[in-house]
Amino acid sequence: MRNRLARDGFVILAVVFVLLRLFAVKPWADSVDAYAYWTTRDGVFYDGATTGRIGSYLYSPAFAQLLTPLVWLPIAMFTALWTALNSATLWFLLRRWALPSLLFLPIALEVISGNVHLLYAAAIVVGFRWPAAWALMFLTKVTPGIGVLWFLVRREWRSLAIALGVTTAIAAVSYLLDAAQWARWGDFLRTDATSAGAASFTTVGWYVPIGLAPRLVVAVIVVVVAALTGRRWLVPVAVVLAMPVVWLNSLAVLAACVPLWRGAREAAADPITSAVRPSAAIAS
């Protein structure tokens with residue numbers, strides 16, 4: 001009964017929030033990051049783009065191209081669909097804990113802002129079984145892809161090859177479709193690296209005022225420790241540390257720690273049963 005109430009409560013809340021987006025009810029109509037993705041519909045991705053500037057599209061052309069069928073929808077419909085996607089992802093990750101998890105401010109802000117952090121969390125969880133999921137990180141914020149070091153340290157060469165190969169294949173096809181946008185993205189990354197990697201810069205919203213370079217060093221250490229000790233739940237921590245900028249809602253990635261930790265416990269308690277359970281096989 002408690003699980004059913006948690007599920008039904010979350011579904012009702014998610015549906016209400018999606019409808020508020022769909023009918024553009026203020027202030028719930030605004031979805032800052034989802035809006036940035038929607039603006040790629042004009043075909044000009046990086047003009048005036050700067051980290052911390054509302055409405056700036058910062059990811060690779062490949063991600064924008066994958067969203068092409070959706071961005072031609074009206075903005076209200078697009079943000080409603082993106083909210084539904086984030087809500088479904090949150091349920092996939094936390095199940096009956098999805099509803100109380102909204103009290104954790106980064107997760108609530110993530111659903112509101114419409115970023116990709118919950119998608120990252122899901123990609124990490126499934127990425128141990130389907131490494132191609134790591135392409136999402138490489139083709140958006142790039143540096144969070146550092147989590148694939150798990151496969152390198154553990155000498156899981158096939159998984160490493162799949163993660164990097166799928167990313168390369170998607171990028172290659174995208175480049176052939178629009179080489180000019182890839183050149184612009186490269187220029188953007190070079191010019192924006194100084195501000196995004198610095199300890200502080202002008203922006204709207206809370207973020208960790210620590211530069212990217214020292215955080216990357218710590219992230220590498222965390223992944224190596226995780227791989228050597230078999231602690232998959234540490235990989236989301238490394239991914240957060242490796243963000244170009246750690247915003248408050250970036251901490252939503254830590255939602256992946258829950259299924260990964262739970263899967264490890266189930267596998268340790270009953271390795272035979274967990275080996276045949278799909279959910280445990282993904283997380284453990």
# chains A, B, ... in the order shown; residues from 1 in each chain; ligands from 1
$ residues_around --residues "Val237 in chain A" --least-positions-apart "3" --cutoff "9 Å" --atoms "only C-alpha atoms" --output "MDAnalysis selection string"
chainID A and resid 219 222:223 233:234 240:242 251 253:254 257
$ select_by_dssp --residues "range 33-161 of chain A" --states "helix (DSSP H, G or I)" --output "MDAnalysis selection string"
chainID A and resid 33:42 61:66 68:71 75:101 105:113 117:127 131:138 143:153 157:161
$ atom_distance --atom1 "CA of Asp178 in chain A" --atom2 "CA of Ala132 in chain A"
22.5 Å
$ residues_around --residues "Thr140 in chain A" --least-positions-apart "4" --cutoff "7 Å" --atoms "only C-alpha atoms" --output "JSON, numbers by chain"
{"A": [59, 60, 63, 136]}
$ closest_atom_pairs --of "range 97-188 of chain A" --to "range 28-36 of chain A" --cutoff "8 Å" --atoms "only C-alpha atoms" --output "tab-separated table"
residue	atom	partner	partner_atom	distance
A:Ile112	CA	A:Ser31	CA	6.0
A:Ser113	CA	A:Ser31	CA	4.6
A:Gly114	CA	A:Ala34	CA	4.9
A:Asn115	CA	A:Asp33	CA	5.2
$ write_last_selection --atoms "N, CA, C and O atoms" --output "mmCIF file, in the first residue's frame"
data_model
loop_
_atom_site.group_PDB
_atom_site.id
_atom_site.type_symbol
_atom_site.label_atom_id
_atom_site.label_comp_id
_atom_site.auth_asym_id
_atom_site.auth_seq_id
_atom_site.Cartn_x
_atom_site.Cartn_y
_atom_site.Cartn_z
ATOM 1 N N ILE A 112 12.576 21.314 -12.886
ATOM 2 C CA ILE A 112 12.093 22.642 -13.262
ATOM 3 C C ILE A 112 12.903 23.228 -14.411
ATOM 4 O O ILE A 112 12.354 23.766 -15.369
ATOM 5 N N SER A 113 14.230 23.130 -14.321
ATOM 6 C CA SER A 113 15.092 23.768 -15.326
ATOM 7 C C SER A 113 15.168 22.978 -16.621
ATOM 8 O O SER A 113 15.404 23.546 -17.690
ATOM 9 N N GLY A 114 14.997 21.652 -16.539
ATOM 10 C CA GLY A 114 15.004 20.845 -17.755
ATOM 11 C C GLY A 114 16.379 20.560 -18.312
ATOM 12 O O GLY A 114 16.545 20.488 -19.539
ATOM 13 N N ASN A 115 17.378 20.372 -17.443
ATOM 14 C CA ASN A 115 18.722 20.042 -17.909
ATOM 15 C C ASN A 115 18.823 18.541 -18.183
ATOM 16 O O ASN A 115 17.809 17.842 -18.225
#
$ closest_residue --among "A:Leu152, A:Val126, A:Val246, A:Val220" --to "Phe92 in chain A" --atoms "only C-alpha atoms"
A:Val126
$ atom_distance --atom1 "CA of Leu90 in chain A" --atom2 "CA of Leu260 in chain A"
14.1 Å
$ residues_around --residues "Gly165 in chain A" --least-positions-apart "3" --cutoff "12 Å" --atoms "only C-alpha atoms" --output "ChimeraX atom specification"
/A:131-135,138,157-162,168-172
$ closest_atom_pairs --of "range 171-256 of chain A" --to "range 104-108 of chain A" --cutoff "8 Å" --atoms "only C-alpha atoms" --output "tab-separated table"
residue	atom	partner	partner_atom	distance
A:Leu248	CA	A:Pro106	CA	5.6
A:Asn249	CA	A:Pro106	CA	4.0
A:Ser250	CA	A:Pro106	CA	6.9
A:Leu251	CA	A:Pro106	CA	5.8
A:Ala252	CA	A:Ile107	CA	4.9
$ write_last_selection --atoms "C-alpha atoms" --output "PDB file, in the first residue's frame"
ATOM      1  CA  LEU A 248      23.219  23.136  -7.823  1.00  0.00           C
ATOM      2  CA  ASN A 249      21.011  20.965 -10.028  1.00  0.00           C
ATOM      3  CA  SER A 250      24.103  19.081 -11.250  1.00  0.00           C
ATOM      4  CA  LEU A 251      23.876  17.184  -7.958  1.00  0.00           C
ATOM      5  CA  ALA A 252      20.782  15.472  -9.382  1.00  0.00           C
TER       6      ALA A 252
END
$ closest_residue --among "A:Trp38, A:Trp91, A:Phe45, A:Phe23" --to "Ala6 in chain A" --atoms "only C-alpha atoms"
A:Trp91
$ residues_around --residues "Arg4 in chain A" --least-positions-apart "6" --cutoff "12 Å" --atoms "only C-alpha atoms" --output "list in words"
Phe10, Val11, Arg95, Arg96, Trp97 and Leu99 of chain A
$ write_last_selection --atoms "C-alpha atoms" --output "PDB file, in the first residue's frame"
ATOM      1  CA  PHE A  10       4.430  10.860  -7.894  1.00  0.00           C
ATOM      2  CA  VAL A  11       2.457  10.167 -11.068  1.00  0.00           C
ATOM      3  CA  ARG A  95      10.942   4.172  -7.882  1.00  0.00           C
ATOM      4  CA  ARG A  96       9.023   4.691  -4.611  1.00  0.00           C
ATOM      5  CA  TRP A  97      11.635   7.191  -3.466  1.00  0.00           C
ATOM      6  CA  LEU A  99       8.309  11.446  -4.679  1.00  0.00           C
TER       7      LEU A  99
END
$ atom_distance --atom1 "CA of Trp130 in chain A" --atom2 "CA of Ala256 in chain A"
15.2 Å
$ residues_around --residues "Trp247 in chain A" --least-positions-apart "3" --cutoff "7 Å" --atoms "only C-alpha atoms" --output "PDB file with C-alpha atoms, in the first residue's frame"
ATOM      1  CA  TRP A 206      24.386  28.883  -7.655  1.00  0.00           C
ATOM      2  CA  TYR A 207      27.500  26.939  -8.647  1.00  0.00           C
ATOM      3  CA  VAL A 208      30.671  25.533  -7.058  1.00  0.00           C
ATOM      4  CA  SER A 250      24.103  19.081 -11.250  1.00  0.00           C
TER       5      SER A 250
END
